[in-house]
$ cat my_file-v4.pdb   # PDB, C-alpha atoms
ATOM      1  CA  MET W  85      53.258  92.495  93.883
ATOM      2  CA  GLY W  86      56.137  92.306  96.311
ATOM      3  CA  HIS W  87      58.842  94.938  96.610
ATOM      4  CA  ARG W  88      61.726  94.510  94.151
ATOM      5  CA  GLU W  89      65.108  95.812  95.208
ATOM      6  CA  GLY W  90      66.640  98.216  92.737
ATOM      7  CA  ALA W  91      70.255  98.859  91.886
ATOM      8  CA  LEU W  92      70.626 101.425  94.682
ATOM      9  CA  GLU W  93      69.235  99.074  97.337
ATOM     10  CA  ASN W  94      71.524  96.315  96.105
ATOM     11  CA  MET W  95      74.516  98.633  96.274
ATOM     12  CA  VAL W  96      73.731  99.635  99.842
ATOM     13  CA  SER W  97      73.088  96.103 101.069
ATOM     14  CA  ALA W  98      76.267  94.832  99.418
ATOM     15  CA  TRP W  99      78.412  97.017 101.692
ATOM     16  CA  GLN W 100      76.499  96.720 104.946
ATOM     17  CA  GLY W 101      78.716  95.116 107.562
ATOM     18  CA  LYS W 102      81.672  94.703 105.191
ATOM     19  CA  ARG W 103      85.117  95.293 106.687
ATOM     20  CA  VAL W 104      87.081  97.565 104.334
ATOM     21  CA  PHE W 105      90.747  98.555 104.612
ATOM     22  CA  LEU W 106      91.405 101.806 102.760
ATOM     23  CA  THR W 107      94.872 103.228 102.101
ATOM     24  CA  GLY W 108      95.088 106.949 101.390
ATOM     25  CA  HIS W 109      91.909 107.885 103.256
ATOM     26  CA  THR W 110      93.314 111.319 104.160
ATOM     27  CA  GLY W 111      93.535 112.354 100.501
ATOM     28  CA  PHE W 112      90.806 113.965  98.413
ATOM     29  CA  LYS W 113      89.447 110.823  96.728
ATOM     30  CA  GLY W 114      90.174 108.665  99.751
ATOM     31  CA  SER W 115      88.157 110.968 101.993
ATOM     32  CA  TRP W 116      85.130 110.801  99.702
ATOM     33  CA  LEU W 117      85.415 107.013  99.431
ATOM     34  CA  ALA W 118      85.697 106.639 103.214
ATOM     35  CA  LEU W 119      82.567 108.741 103.708
ATOM     36  CA  TRP W 120      80.624 106.835 101.045
ATOM     37  CA  LEU W 121      81.598 103.407 102.392
ATOM     38  CA  SER W 122      80.707 104.463 105.920
ATOM     39  CA  GLU W 123      77.347 105.775 104.717
ATOM     40  CA  MET W 124      76.721 102.422 103.001
ATOM     41  CA  GLY W 125      77.181 100.665 106.341
ATOM     42  CA  ALA W 126      80.730  99.364 105.916
ATOM     43  CA  SER W 127      83.238  99.209 108.763
ATOM     44  CA  VAL W 128      86.222 101.152 107.429
ATOM     45  CA  CYS W 129      89.841 101.234 108.582
ATOM     46  CA  GLY W 130      91.930 103.971 106.976
ATOM     47  CA  TYR W 131      95.719 103.817 106.735
ATOM     48  CA  ALA W 132      97.553 106.920 105.483
ATOM     49  CA  LEU W 133      99.915 109.787 106.172
ATOM     50  CA  ASP W 134      98.656 113.110 107.524
ATOM     51  CA  PRO W 135      96.747 115.281 105.029
ATOM     52  CA  CYS W 136      99.214 117.157 102.836
ATOM     53  CA  THR W 137      97.267 120.427 102.532
ATOM     54  CA  GLU W 138      95.505 122.862 104.839
ATOM     55  CA  PRO W 139      92.559 123.076 104.585
ATOM     56  CA  ASN W 140      91.805 119.554 103.378
ATOM     57  CA  MET W 141      88.784 117.368 102.646
ATOM     58  CA  PHE W 142      89.622 114.856 105.370
ATOM     59  CA  THR W 143      89.400 117.431 108.155
ATOM     60  CA  LEU W 144      86.556 119.486 106.691
ATOM     61  CA  THR W 145      84.262 116.483 106.327
ATOM     62  CA  GLY W 146      85.172 114.832 109.634
ATOM     63  CA  VAL W 147      86.268 111.535 108.117
ATOM     64  CA  ALA W 148      88.112 110.579 111.324
ATOM     65  CA  THR W 149      84.782 110.347 113.156
ATOM     66  CA  CYS W 150      83.400 107.576 110.938
ATOM     67  CA  VAL W 151      86.456 105.358 110.302
ATOM     68  CA  GLU W 152      89.213 103.706 112.280
ATOM     69  CA  ASP W 153      91.933 106.267 111.547
ATOM     70  CA  ILE W 154      95.523 104.938 111.428
ATOM     71  CA  ARG W 155      98.517 107.097 110.540
ATOM     72  CA  GLY W 156     101.084 105.090 108.638
ATOM     73  CA  ASP W 157     103.323 104.932 105.576
ATOM     74  CA  ILE W 158     102.767 102.208 102.979
ATOM     75  CA  ARG W 159     106.557 102.081 102.599
ATOM     76  CA  ASP W 160     106.686 100.693 106.156
ATOM     77  CA  TYR W 161     105.729  97.101 105.414
ATOM     78  CA  PRO W 162     105.734  95.699 108.987
ATOM     79  CA  ALA W 163     103.417  98.469 110.220
ATOM     80  CA  LEU W 164     101.122  98.135 107.190
ATOM     81  CA  GLN W 165     100.926  94.363 107.406
ATOM     82  CA  GLY W 166     100.289  94.480 111.130
ATOM     83  CA  ALA W 167      97.462  97.001 110.777
ATOM     84  CA  MET W 168      95.819  95.051 107.967
ATOM     85  CA  LYS W 169      96.072  91.714 109.746
ATOM     86  CA  GLN W 170      94.688  93.131 112.997
ATOM     87  CA  PHE W 171      91.680  94.703 111.258
ATOM     88  CA  ALA W 172      91.014  91.517 109.229
ATOM     89  CA  PRO W 173      89.303  93.204 106.248
ATOM     90  CA  GLU W 174      87.313  91.549 103.500
ATOM     91  CA  VAL W 175      87.943  94.259 100.891
ATOM     92  CA  ILE W 176      90.998  96.435 100.204
ATOM     93  CA  PHE W 177      90.951  99.782  98.403
ATOM     94  CA  HIS W 178      94.486 100.982  97.674
ATOM     95  CA  LEU W 179      94.547 104.728  96.956
ATOM     96  CA  ALA W 180      97.681 105.844  98.824
ATOM     97  CA  ALA W 181     100.260 107.282  96.423
ATOM     98  CA  GLN W 182     102.568 110.133  95.584
ATOM     99  CA  PRO W 183     100.123 111.750  93.118
ATOM    100  CA  ILE W 184     101.888 114.934  91.996
ATOM    101  CA  VAL W 185     103.675 114.927  88.627
ATOM    102  CA  ARG W 186     105.995 117.833  89.504
ATOM    103  CA  ARG W 187     106.990 116.232  92.798
ATOM    104  CA  GLY W 188     108.114 113.229  90.790
ATOM    105  CA  TYR W 189     110.836 115.414  89.254
ATOM    106  CA  SER W 190     111.997 116.848  92.596
ATOM    107  CA  ASP W 191     111.823 113.495  94.446
ATOM    108  CA  PRO W 192     111.958 110.611  91.980
ATOM    109  CA  VAL W 193     113.224 108.113  94.563
ATOM    110  CA  GLY W 194     110.373 108.919  96.934
ATOM    111  CA  THR W 195     107.893 108.711  94.075
ATOM    112  CA  TYR W 196     109.057 105.262  92.977
ATOM    113  CA  SER W 197     109.321 103.925  96.534
ATOM    114  CA  THR W 198     105.778 105.061  97.363
ATOM    115  CA  ASN W 199     104.003 104.212  94.124
ATOM    116  CA  VAL W 200     105.829 100.994  93.261
ATOM    117  CA  MET W 201     107.106  99.431  96.481
ATOM    118  CA  GLY W 202     104.182 100.857  98.426
ATOM    119  CA  THR W 203     101.839  98.983  96.095
ATOM    120  CA  VAL W 204     103.950  95.836  96.430
ATOM    121  CA  HIS W 205     103.749  96.166 100.218
ATOM    122  CA  VAL W 206      99.955  96.439 100.075
ATOM    123  CA  LEU W 207      99.684  93.376  97.845
ATOM    124  CA  GLU W 208     102.117  91.399  99.970
ATOM    125  CA  ALA W 209     100.155  92.319 103.103
ATOM    126  CA  VAL W 210      97.004  91.116 101.325
ATOM    127  CA  ARG W 211      98.757  87.836 100.568
ATOM    128  CA  LYS W 212      99.445  87.410 104.280
ATOM    129  CA  THR W 213      95.902  88.324 105.390
ATOM    130  CA  PRO W 214      93.520  85.362 104.959
ATOM    131  CA  SER W 215      90.357  87.410 105.505
ATOM    132  CA  VAL W 216      90.767  89.440 102.280
ATOM    133  CA  ARG W 217      88.407  88.529  99.446
ATOM    134  CA  ALA W 218      88.868  91.420  96.996
ATOM    135  CA  VAL W 219      91.445  94.102  96.184
ATOM    136  CA  VAL W 220      90.993  97.319  94.197
ATOM    137  CA  CYS W 221      94.173  99.196  93.245
ATOM    138  CA  VAL W 222      93.303 102.679  92.029
ATOM    139  CA  THR W 223      95.488 104.043  89.238
ATOM    140  CA  THR W 224      95.646 106.879  86.691
ATOM    141  CA  ASP W 225      95.537 107.324  82.925
ATOM    142  CA  LYS W 226      99.133 108.567  83.211
ATOM    143  CA  CYS W 227     100.234 104.931  83.448
ATOM    144  CA  TYR W 228      99.686 104.592  79.690
ATOM    145  CA  GLN W 229     102.229 105.611  77.068
ATOM    146  CA  ASN W 230     101.371 109.154  76.037
ATOM    147  CA  GLN W 231     100.088 109.093  72.460
ATOM    148  CA  ASP W 232      98.959 112.749  72.388
ATOM    149  CA  TRP W 233      95.552 111.769  71.096
ATOM    150  CA  LEU W 234      92.172 113.225  72.026
ATOM    151  CA  TRP W 235      90.184 110.124  73.017
ATOM    152  CA  PRO W 236      90.441 108.292  76.369
ATOM    153  CA  TYR W 237      92.977 105.531  76.912
ATOM    154  CA  ARG W 238      91.862 101.913  77.105
ATOM    155  CA  GLU W 239      93.082  99.048  79.274
ATOM    156  CA  THR W 240      94.513  97.398  76.172
ATOM    157  CA  ASP W 241      96.789 100.387  75.427
ATOM    158  CA  ALA W 242     100.519 100.120  76.068
ATOM    159  CA  LEU W 243     101.871 101.112  79.467
ATOM    160  CA  GLY W 244     104.538 103.777  79.535
ATOM    161  CA  GLY W 245     105.547 107.031  81.172
ATOM    162  CA  TYR W 246     107.923 109.817  80.185
ATOM    163  CA  ASP W 247     108.316 111.170  83.734
ATOM    164  CA  PRO W 248     108.936 109.551  87.142
ATOM    165  CA  TYR W 249     105.311 109.808  88.265
ATOM    166  CA  ALA W 250     103.823 108.272  85.120
ATOM    167  CA  SER W 251     106.529 105.624  84.980
ATOM    168  CA  SER W 252     106.014 104.705  88.620
ATOM    169  CA  LYS W 253     102.293 104.186  88.056
ATOM    170  CA  ALA W 254     103.016 101.978  85.049
ATOM    171  CA  CYS W 255     105.415  99.949  87.212
ATOM    172  CA  ALA W 256     102.699  99.624  89.851
ATOM    173  CA  GLU W 257     100.359  98.224  87.199
ATOM    174  CA  LEU W 258     102.924  95.577  86.287
ATOM    175  CA  ALA W 259     103.420  94.673  89.936
ATOM    176  CA  SER W 260      99.653  94.373  90.455
ATOM    177  CA  ALA W 261      99.319  92.160  87.383
ATOM    178  CA  ALA W 262     102.176  89.940  88.566
ATOM    179  CA  TYR W 263     100.623  89.482  92.012
ATOM    180  CA  ARG W 264      97.221  88.818  90.474
ATOM    181  CA  SER W 265      98.465  86.067  88.188
ATOM    182  CA  SER W 266     101.031  84.609  90.608
ATOM    183  CA  PHE W 267      99.170  84.617  93.912
ATOM    184  CA  PHE W 268      95.528  85.702  93.611
ATOM    185  CA  TYR W 269      94.459  84.077  90.360
ATOM    186  CA  ARG W 270      96.783  81.359  89.177
ATOM    187  CA  ARG W 271      96.781  80.003  85.647
ATOM    188  CA  GLY W 272      99.209  78.571  83.121
ATOM    189  CA  GLU W 273     100.244  75.391  84.938
ATOM    190  CA  PRO W 274      99.807  72.208  82.886
ATOM    191  CA  ALA W 275      96.752  70.242  84.008
ATOM    192  CA  CYS W 276      98.470  66.883  83.655
ATOM    193  CA  GLY W 277     100.666  64.663  85.813
ATOM    194  CA  GLY W 278     104.200  63.474  85.218
ATOM    195  CA  THR W 279     106.230  66.521  86.179
ATOM    196  CA  CYS W 280     109.269  65.944  88.377
ATOM    197  CA  ASP W 281     109.333  69.466  89.832
ATOM    198  CA  ARG W 282     108.164  69.394  93.456
ATOM    199  CA  ALA W 283     106.301  72.716  93.325
ATOM    200  CA  ARG W 284     104.491  71.754  90.132
ATOM    201  CA  ARG W 285     103.622  68.317  91.563
ATOM    202  CA  GLU W 286     102.096  70.053  94.572
ATOM    203  CA  CYS W 287     100.076  72.363  92.298
ATOM    204  CA  ASP W 288      98.918  69.332  90.327
ATOM    205  CA  TRP W 289      97.735  67.450  93.409
ATOM    206  CA  ARG W 290      96.087  70.525  94.926
ATOM    207  CA  ARG W 291      94.227  71.079  91.681
ATOM    208  CA  ARG W 292      93.046  67.483  91.705
ATOM    209  CA  LEU W 293      91.848  67.908  95.284
ATOM    210  CA  GLY W 294      90.080  71.164  94.428
ATOM    211  CA  ARG W 295      92.412  73.246  96.565
ATOM    212  CA  ARG W 296      94.164  76.483  95.669
ATOM    213  CA  PRO W 297      97.926  76.105  94.945
ATOM    214  CA  ALA W 298      99.941  77.187  97.989
ATOM    215  CA  HIS W 299     102.694  79.775  97.973
ATOM    216  CA  PRO W 300     105.283  80.511 100.665
TER
END

$ encode --input "my_file-v4.pdb" --output "structure tokens"
Amino acid sequence: MGHREGALENMVSAWQGKRVFLTGHTGFKGSWLALWLSEMGASVCGYALDPCTEPNMFTLTGVATCVEDIRGDIRDYPALQGAMKQFAPEVIFHLAAQPIVRRGYSDPVGTYSTNVMGTVHVLEAVRKTPSVRAVVCVTTDKCYQNQDWLWPYRETDALGGYDPYASSKACAELASAAYRSSFFYRRGEPACGGTCDRARRECDWRRRLGRRPAHP
């Protein structure tokens, strides 16, 4: 009998040679993900601010030696878009965020600008980067309305947030959903002719030709 690849072999081979753009690679989870992707054979470009603690996982594990390490702020759209376009990734992992609940109280504007507009900037940069094939936006259970129950939250539960951090993550979820349905996976247009709206006529013809509807 020949050798059958198992789940682990499939996982490794799936990432070999893949170009991955990772925001937040200097954080705790981002550092681990950067190391894992690199170990799986992916070519990783990290985009993030400096580590916010000393010591930190990024420095202790030597992440900078196995990824293309770029210092940047996701609130700086031109820099982010330029870095992403130049690297030409196939997969995006978006982990960069303001992750501290208490800091949300002391700096609500910074929290919203990073977690909401930062996410919008990442998604907009993806929209302008033709090489991208998949996007993963990492979130938190704090994005759900707090019900004070004991069991885990589900993706069908209502979004909410009683504090700036939780609220900002719920807003980021809404932004991600809007980009997904508007630009990355389009649905809801009528599949029939006869409309007089130019944009809808274009969508209709592109659908007939088997092409994805274009967006500016």

$ closest_residue --input "my_file-v4.pdb" --among "W:Val175, W:Val104, W:Ala126, W:Leu258" --to "Arg217 (chain W)" --atoms "only C-alpha atoms"
W:Val175

$ atom_distance --input "my_file-v4.pdb" --atom1 "CA of Phe268 (chain W)" --atom2 "CA of Phe177 (chain W)"
15.6 Å

$ resolve_selection --input "my_file-v4.pdb" --expression "the PyMOL selection byres ((chain W and resi 134-146) around 12)" --output "CSV table (one decimal) with C-alpha atoms, in the coordinates of the input"
chain,number,residue,atom,x,y,z
W,107,THR,CA,94.9,103.2,102.1
W,108,GLY,CA,95.1,106.9,101.4
W,109,HIS,CA,91.9,107.9,103.3
W,110,THR,CA,93.3,111.3,104.2
W,111,GLY,CA,93.5,112.4,100.5
W,112,PHE,CA,90.8,114.0,98.4
W,113,LYS,CA,89.4,110.8,96.7
W,114,GLY,CA,90.2,108.7,99.8
W,115,SER,CA,88.2,111.0,102.0
W,116,TRP,CA,85.1,110.8,99.7
W,117,LEU,CA,85.4,107.0,99.4
W,118,ALA,CA,85.7,106.6,103.2
W,119,LEU,CA,82.6,108.7,103.7
W,120,TRP,CA,80.6,106.8,101.0
W,122,SER,CA,80.7,104.5,105.9
W,130,GLY,CA,91.9,104.0,107.0
W,131,TYR,CA,95.7,103.8,106.7
W,132,ALA,CA,97.6,106.9,105.5
W,133,LEU,CA,99.9,109.8,106.2
W,147,VAL,CA,86.3,111.5,108.1
W,148,ALA,CA,88.1,110.6,111.3
W,149,THR,CA,84.8,110.3,113.2
W,150,CYS,CA,83.4,107.6,110.9
W,151,VAL,CA,86.5,105.4,110.3
W,153,ASP,CA,91.9,106.3,111.5
W,154,ILE,CA,95.5,104.9,111.4
W,155,ARG,CA,98.5,107.1,110.5
W,156,GLY,CA,101.1,105.1,108.6
W,157,ASP,CA,103.3,104.9,105.6
W,180,ALA,CA,97.7,105.8,98.8
W,181,ALA,CA,100.3,107.3,96.4
W,182,GLN,CA,102.6,110.1,95.6
W,183,PRO,CA,100.1,111.8,93.1
W,184,ILE,CA,101.9,114.9,92.0

$ residues_around --input "my_file-v4.pdb" --residues "Asp225 (chain W)" --least-positions-apart "6" --cutoff "12 Å" --atoms "only C-alpha atoms" --output "NGL selection string"
:W and (231 or 235-239 or 241-245 or 249-251 or 253-254 or 257)

$ write_last_selection --input "my_file-v4.pdb" --atoms "C-alpha atoms" --output "compact mmCIF listing (two decimals), in the frame of the given file"
# COMPACT_ATOMS: atom_id res chain seq x y z
CA GLN W 231 100.09 109.09 72.46
CA TRP W 235 90.18 110.12 73.02
CA PRO W 236 90.44 108.29 76.37
CA TYR W 237 92.98 105.53 76.91
CA ARG W 238 91.86 101.91 77.10
CA GLU W 239 93.08 99.05 79.27
CA ASP W 241 96.79 100.39 75.43
CA ALA W 242 100.52 100.12 76.07
CA LEU W 243 101.87 101.11 79.47
CA GLY W 244 104.54 103.78 79.54
CA GLY W 245 105.55 107.03 81.17
CA TYR W 249 105.31 109.81 88.26
CA ALA W 250 103.82 108.27 85.12
CA SER W 251 106.53 105.62 84.98
CA LYS W 253 102.29 104.19 88.06
CA ALA W 254 103.02 101.98 85.05
CA GLU W 257 100.36 98.22 87.20

$ resolve_selection --input "my_file-v4.pdb" --expression "the PyMOL selection byres ((chain W and resi 124) around 8)" --output "list in words"
Val96, Ser97, Trp99, Gln100, Trp120, Leu121, Ser122, Glu123, Gly125 and Ala126 of chain W

$ closest_residue --input "my_file-v4.pdb" --among "W:Leu106, W:Arg264, W:Ser252, W:Leu164" --to "Thr224 (chain W)" --atoms "all atoms listed in the file"
W:Ser252

$ residues_near_point --input "my_file-v4.pdb" --point "(103.0, 106.4, 97.3)" --cutoff "8 Å" --atoms "all atoms listed in the file" --output "JSON, numbers by chain"
{"W": [158, 159, 180, 181, 182, 183, 194, 195, 196, 197, 198, 199, 200, 202, 203]}

$ atom_distance --input "my_file-v4.pdb" --atom1 "CA of Pro192 (chain W)" --atom2 "CA of Cys227 (chain W)"
15.6 Å

$ atom_distance --input "my_file-v4.pdb" --atom1 "CA of Cys129 (chain W)" --atom2 "CA of Lys169 (chain W)"
11.4 Å

$ closest_residue --input "my_file-v4.pdb" --among "W:Val206, W:Arg186, W:Ala218, W:Ala98" --to "Ala163 (chain W)" --atoms "all atoms listed in the file"
W:Val206

$ residues_around --input "my_file-v4.pdb" --residues "Arg103 (chain W)" --least-positions-apart "5" --cutoff "9 Å" --atoms "only C-alpha atoms" --output "PDB file with C-alpha atoms, in the coordinates of the input"
ATOM      1  CA  ALA W 126      80.730  99.364 105.916  1.00  0.00           C
ATOM      2  CA  SER W 127      83.238  99.209 108.763  1.00  0.00           C
ATOM      3  CA  VAL W 128      86.222 101.152 107.429  1.00  0.00           C
ATOM      4  CA  CYS W 129      89.841 101.234 108.582  1.00  0.00           C
ATOM      5  CA  PHE W 171      91.680  94.703 111.258  1.00  0.00           C
ATOM      6  CA  ALA W 172      91.014  91.517 109.229  1.00  0.00           C
ATOM      7  CA  PRO W 173      89.303  93.204 106.248  1.00  0.00           C
ATOM      8  CA  GLU W 174      87.313  91.549 103.500  1.00  0.00           C
ATOM      9  CA  VAL W 175      87.943  94.259 100.891  1.00  0.00           C
ATOM     10  CA  ILE W 176      90.998  96.435 100.204  1.00  0.00           C
TER      11      ILE W 176
END
